[in-house]
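Right, one structure below, let's go through it.
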Amino acid sequence: MGTRKYLATLVIATAFAAAAQASVINISMNPGTGQPAADVNKGLLGNNSPQTNFNFLLQQISLYQNFNGTNLPAPTFAGYFDGSSNTASLTGFSYAVIHYGKGPGGTGQGGGVEFFYLNGMTGNFTFSATGLGPNGRGGFSSIRLFSANGFSVPESGTTVMLLSVVLLGIFGARRRKTA
């Protein structure tokens with residue numbers, strides 16, 4: 001009985017740890033100053049094509065890493081996702097590029113673009129319905145998701161949680177068989 005309680009506690013603790021580790025991180029940086037920014041003027045991108053978004057994402061990752069001294073995974077253009085809703089399944093993706101309209105008080109040309117590192121997030125996630133500004137204070141326009149290295153590897157908390165569930169199932173089946 002003690003082993004079963006221990007395994008159940010391990011599964012619950014691992015689930016909470018996995019949920020606590022994953023969070024979406026805004027990596028938007030001002031290309032002119034190399035400093036953090038709420039968004040980037042969409043006019044700097046030229047157009048809103050997937051390839052342009054990807055190239056600008058590469059620049060944003062480099063600026064973010066230089067400013068923060070981090071080492072984020074390199075994205076790949078293969079397997080990107082286009083979406084028209086601010087709620088999207090993040091499973092299998094590592095980065096999000098979101099375009100918001102200019103909106104009232106927005107200073108950008110064509111709105112603002114925000115860049116996010118998804119940091120192991122899985123499942124559905126809802127991004128803000130309006131931009132953080134100062135360039136795009138309007139409504140959500142589009143989202144593009146990019147994976148790292150063409151595939152997604154579950155973060156360690158999810159892997160441990162899945163392993164715990166499998167072990168608990170094996171333990172339960174074995175116990176029933178011997179009873």
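All residue names refer to the structure tokens as shown: chains lettered A, B, ... in order, residues numbered from 1 in each chain, ligands numbered from 1 in order.
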Excluding same-chain residues fewer than 3 positions from Gly32 (chain A), what lies within 12 Å of it counting only C-alpha atoms, as a PDB file with all heavy atoms, in the first residue's frame?
ATOM      1  N   MET A  29      12.378  42.059 -29.142  1.00  0.00           N
ATOM      2  CA  MET A  29      13.493  42.968 -28.890  1.00  0.00           C
ATOM      3  C   MET A  29      13.459  44.100 -29.919  1.00  0.00           C
ATOM      4  O   MET A  29      13.103  43.884 -31.075  1.00  0.00           O
ATOM      5  CB  MET A  29      14.823  42.217 -29.009  1.00  0.00           C
ATOM      6  CG  MET A  29      14.968  41.004 -28.103  1.00  0.00           C
ATOM      7  SD  MET A  29      15.053  41.383 -26.356  1.00  0.00           S
ATOM      8  CE  MET A  29      16.682  42.064 -26.228  1.00  0.00           C
ATOM      9  N   GLN A  35      17.363  46.148 -27.047  1.00  0.00           N
ATOM     10  CA  GLN A  35      16.721  46.108 -25.729  1.00  0.00           C
ATOM     11  C   GLN A  35      15.355  45.430 -25.825  1.00  0.00           C
ATOM     12  O   GLN A  35      14.730  45.428 -26.884  1.00  0.00           O
ATOM     13  CB  GLN A  35      16.532  47.534 -25.195  1.00  0.00           C
ATOM     14  CG  GLN A  35      17.819  48.324 -25.057  1.00  0.00           C
ATOM     15  CD  GLN A  35      18.701  47.782 -23.953  1.00  0.00           C
ATOM     16  OE1 GLN A  35      18.260  47.576 -22.840  1.00  0.00           O
ATOM     17  NE2 GLN A  35      19.959  47.537 -24.279  1.00  0.00           N
ATOM     18  N   PRO A  36      14.848  44.875 -24.713  1.00  0.00           N
ATOM     19  CA  PRO A  36      13.513  44.268 -24.722  1.00  0.00           C
ATOM     20  C   PRO A  36      12.445  45.276 -25.161  1.00  0.00           C
ATOM     21  O   PRO A  36      12.551  46.472 -24.880  1.00  0.00           O
ATOM     22  CB  PRO A  36      13.305  43.863 -23.259  1.00  0.00           C
ATOM     23  CG  PRO A  36      14.676  43.720 -22.707  1.00  0.00           C
ATOM     24  CD  PRO A  36      15.510  44.750 -23.407  1.00  0.00           C
ATOM     25  N   ALA A  37      11.438  44.783 -25.862  1.00  0.00           N
ATOM     26  CA  ALA A  37      10.333  45.605 -26.349  1.00  0.00           C
ATOM     27  C   ALA A  37       9.042  44.817 -26.222  1.00  0.00           C
ATOM     28  O   ALA A  37       9.054  43.587 -26.255  1.00  0.00           O
ATOM     29  CB  ALA A  37      10.573  45.994 -27.802  1.00  0.00           C
ATOM     30  N   VAL A  40       7.346  44.787 -32.017  1.00  0.00           N
ATOM     31  CA  VAL A  40       8.225  45.345 -33.037  1.00  0.00           C
ATOM     32  C   VAL A  40       7.338  45.912 -34.134  1.00  0.00           C
ATOM     33  O   VAL A  40       6.324  45.306 -34.509  1.00  0.00           O
ATOM     34  CB  VAL A  40       9.159  44.256 -33.609  1.00  0.00           C
ATOM     35  CG1 VAL A  40      10.023  44.790 -34.730  1.00  0.00           C
ATOM     36  CG2 VAL A  40      10.023  43.667 -32.494  1.00  0.00           C
ATOM     37  N   ASN A  41       7.702  47.059 -34.670  1.00  0.00           N
ATOM     38  CA  ASN A  41       6.956  47.706 -35.744  1.00  0.00           C
ATOM     39  C   ASN A  41       6.888  46.773 -36.948  1.00  0.00           C
ATOM     40  O   ASN A  41       7.915  46.407 -37.512  1.00  0.00           O
ATOM     41  CB  ASN A  41       7.649  49.015 -36.110  1.00  0.00           C
ATOM     42  CG  ASN A  41       6.924  49.804 -37.182  1.00  0.00           C
ATOM     43  OD1 ASN A  41       6.083  49.292 -37.894  1.00  0.00           O
ATOM     44  ND2 ASN A  41       7.281  51.061 -37.293  1.00  0.00           N
ATOM     45  N   LEU A  44       8.865  47.288 -40.248  1.00  0.00           N
ATOM     46  CA  LEU A  44      10.261  46.893 -40.393  1.00  0.00           C
ATOM     47  C   LEU A  44      10.395  45.554 -41.116  1.00  0.00           C
ATOM     48  O   LEU A  44      11.436  45.263 -41.698  1.00  0.00           O
ATOM     49  CB  LEU A  44      10.939  46.793 -39.023  1.00  0.00           C
ATOM     50  CG  LEU A  44      11.064  48.093 -38.228  1.00  0.00           C
ATOM     51  CD1 LEU A  44      11.626  47.820 -36.838  1.00  0.00           C
ATOM     52  CD2 LEU A  44      11.935  49.093 -38.973  1.00  0.00           C
ATOM     53  N   GLN A  59      16.455  36.838 -36.106  1.00  0.00           N
ATOM     54  CA  GLN A  59      17.087  38.051 -35.591  1.00  0.00           C
ATOM     55  C   GLN A  59      16.670  38.295 -34.141  1.00  0.00           C
ATOM     56  O   GLN A  59      17.503  38.635 -33.297  1.00  0.00           O
ATOM     57  CB  GLN A  59      16.705  39.259 -36.454  1.00  0.00           C
ATOM     58  CG  GLN A  59      17.312  40.558 -35.927  1.00  0.00           C
ATOM     59  CD  GLN A  59      16.707  41.789 -36.565  1.00  0.00           C
ATOM     60  OE1 GLN A  59      15.498  41.874 -36.739  1.00  0.00           O
ATOM     61  NE2 GLN A  59      17.562  42.747 -36.908  1.00  0.00           N
ATOM     62  N   GLN A  60      15.391  38.125 -33.840  1.00  0.00           N
ATOM     63  CA  GLN A  60      14.888  38.352 -32.488  1.00  0.00           C
ATOM     64  C   GLN A  60      15.529  37.388 -31.488  1.00  0.00           C
ATOM     65  O   GLN A  60      15.896  37.785 -30.385  1.00  0.00           O
ATOM     66  CB  GLN A  60      13.366  38.217 -32.459  1.00  0.00           C
ATOM     67  CG  GLN A  60      12.637  39.317 -33.189  1.00  0.00           C
ATOM     68  CD  GLN A  60      12.772  40.645 -32.479  1.00  0.00           C
ATOM     69  OE1 GLN A  60      12.363  40.805 -31.338  1.00  0.00           O
ATOM     70  NE2 GLN A  60      13.374  41.611 -33.150  1.00  0.00           N
ATOM     71  N   LEU A  63      19.097  38.605 -30.814  1.00  0.00           N
ATOM     72  CA  LEU A  63      19.088  39.781 -29.942  1.00  0.00           C
ATOM     73  C   LEU A  63      18.750  39.396 -28.506  1.00  0.00           C
ATOM     74  O   LEU A  63      19.370  39.874 -27.557  1.00  0.00           O
ATOM     75  CB  LEU A  63      18.086  40.820 -30.456  1.00  0.00           C
ATOM     76  CG  LEU A  63      18.458  41.554 -31.751  1.00  0.00           C
ATOM     77  CD1 LEU A  63      17.263  42.344 -32.273  1.00  0.00           C
ATOM     78  CD2 LEU A  63      19.664  42.444 -31.532  1.00  0.00           C
TER      79      LEU A  63
END
Excluding Ser28 (chain A) and its own-chain neighbours fewer than 2 positions away, which residues fall within 6 Å of it when counting only C-alpha atoms? Please give them as a tab-separated table (two decimals) with C-alpha atoms, in the first residue's frame.
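out24.tsv written:
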chain	number	residue	atom	x	y	z
A	26	ASN	CA	8.01	37.23	-24.83
A	37	ALA	CA	10.33	45.61	-26.35
A	39	ASP	CA	6.41	44.49	-29.80
A	114	GLU	CA	5.36	39.97	-30.96
A	115	PHE	CA	7.79	37.08	-30.72
Please determine, counting only C-alpha atoms, which residue among A:Gln51, A:Ser94, A:Asn124, A:Gln109 has the shortest atom-to-atom distance to Leu72 (chain A).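 For Leu72 (chain A), the nearest of the candidates is A:Ser94.
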Please provide as a compact mmCIF listing (two decimals) with N, CA and C atoms, in the first residue's frame all residues within 10 Å of Gly131 (chain A), with the sequence filter that same-chain residues fewer than 3 positions apart are discarded (counting only C-alpha atoms).
# COMPACT_ATOMS: atom_id res chain seq x y z
N ALA A 38 7.93 45.51 -26.08
CA ALA A 38 6.63 44.83 -26.02
C ALA A 38 6.28 44.24 -27.39
N ASP A 39 6.65 44.97 -28.44
CA ASP A 39 6.41 44.49 -29.80
C ASP A 39 7.40 45.18 -30.73
N ILE A 98 3.38 36.62 -33.64
CA ILE A 98 2.00 37.08 -33.64
C ILE A 98 1.93 38.52 -34.15
N HIS A 99 0.99 38.75 -35.07
CA HIS A 99 0.77 40.09 -35.61
C HIS A 99 -0.53 40.65 -35.04
N TYR A 100 -0.45 41.91 -34.57
CA TYR A 100 -1.62 42.65 -34.09
C TYR A 100 -1.78 43.89 -34.96
N GLY A 101 -3.02 44.32 -35.16
CA GLY A 101 -3.29 45.54 -35.91
C GLY A 101 -2.79 46.76 -35.16
N LYS A 102 -2.67 47.88 -35.88
CA LYS A 102 -2.15 49.12 -35.29
C LYS A 102 -3.03 49.57 -34.13
N GLY A 103 -4.32 49.63 -34.32
CA GLY A 103 -5.25 49.99 -33.25
C GLY A 103 -5.13 51.43 -32.80
N GLY A 106 -1.72 53.26 -31.60
CA GLY A 106 -0.56 52.52 -32.08
C GLY A 106 0.32 53.41 -32.95
N GLY A 111 0.88 47.96 -37.72
CA GLY A 111 0.69 47.23 -36.47
C GLY A 111 2.00 46.75 -35.88
N GLY A 112 1.88 45.82 -34.95
CA GLY A 112 3.04 45.32 -34.23
C GLY A 112 3.14 43.81 -34.32
N VAL A 113 4.35 43.31 -34.16
CA VAL A 113 4.61 41.88 -34.17
C VAL A 113 5.28 41.52 -32.84
N GLU A 114 4.78 40.46 -32.21
CA GLU A 114 5.36 39.97 -30.96
C GLU A 114 5.95 38.59 -31.21
N PHE A 127 -3.33 33.51 -26.58
CA PHE A 127 -2.55 34.74 -26.53
C PHE A 127 -3.51 35.92 -26.38
N SER A 128 -2.99 37.06 -26.01
CA SER A 128 -3.80 38.25 -25.83
C SER A 128 -4.60 38.56 -27.09
N PRO A 134 3.94 49.32 -28.20
CA PRO A 134 3.28 50.55 -28.64
C PRO A 134 2.92 50.55 -30.12
N ASN A 135 3.44 49.62 -30.91
CA ASN A 135 3.16 49.61 -32.34
C ASN A 135 1.79 49.04 -32.67
N GLY A 136 1.49 47.88 -32.14
CA GLY A 136 0.22 47.23 -32.43
C GLY A 136 -0.65 47.13 -31.19
N ARG A 137 -1.55 48.07 -31.03
CA ARG A 137 -2.49 48.05 -29.91
C ARG A 137 -3.86 47.53 -30.34
N GLY A 138 -3.95 47.11 -31.59
CA GLY A 138 -5.21 46.64 -32.13
C GLY A 138 -5.44 45.17 -31.85
N GLY A 139 -6.42 44.62 -32.56
CA GLY A 139 -6.82 43.24 -32.37
C GLY A 139 -5.86 42.25 -33.00
N PHE A 140 -5.97 41.01 -32.56
CA PHE A 140 -5.17 39.90 -33.08
C PHE A 140 -5.40 39.78 -34.57
N SER A 141 -4.33 39.56 -35.33
CA SER A 141 -4.43 39.43 -36.77
C SER A 141 -4.04 38.02 -37.23
Using only C-alpha atoms, which residue out of A:Thr52, A:Asn86, A:Gln65, A:Thr33 lies closest to Tyr117 (chain A)?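 Smallest separation from Tyr117 (chain A) among the options: A:Gln65.
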Take CA of Gly83 (chain A) and CA of Arg144 (chain A) and report the distance between them in Å, one decimal.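 About the pair CA of Gly83 (chain A) and CA of Arg144 (chain A): they are 6.3 Å apart.
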A:Asn30, A:Thr70, A:Asn119, A:Thr130 ranked by distance to Ala96 (chain A), top pick (using only C-alpha atoms):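 Result for the nearest residue to Ala96 (chain A): A:Asn119.
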For Ser147 (chain A), which residue out of A:Ala74, A:Met121, A:Ala129, A:Ala88 is the nearest one, using only C-alpha atoms?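 Looking only at the distances to Ser147 (chain A), the closest residue turns out to be A:Ala74.
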Please report the interatomic distance between CA of Pro31 (chain A) and CA of Phe56 (chain A) in Å with one decimal.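 Between these atoms lies a distance of 9.6 Å.
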Show which residues sit within 7 Å of Phe116 (chain A), as a JSON list (two decimals) with C-alpha atoms, in the first residue's frame. Count only C-alpha atoms, and ignore same-chain residues fewer than 4 positions away.
[["chain", "number", "residue", "atom", "x", "y", "z"],
["A", 24, "VAL", "CA", 5.45, 31.41, -22.73],
["A", 25, "ILE", "CA", 8.26, 34.01, -22.81],
["A", 26, "ASN", "CA", 8.01, 37.23, -24.83],
["A", 27, "ILE", "CA", 11.37, 37.54, -26.64],
["A", 95, "TYR", "CA", 8.20, 29.76, -31.21],
["A", 96, "ALA", "CA", 5.20, 31.96, -32.00],
["A", 97, "VAL", "CA", 5.19, 35.09, -34.17]]
Spatial neighbours of Phe146 (chain A), max dist 8 Å, only C-alpha atoms, sep filter under 3 positions, as a PyMOL selection string: chain A and resi 54+75-81+93-96
Between CA of Asp82 (chain A) and CA of Ser49 (chain A), what is the distance, to one decimal in Å?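 Separation of CA of Asp82 (chain A) and CA of Ser49 (chain A): 10.2 Å.
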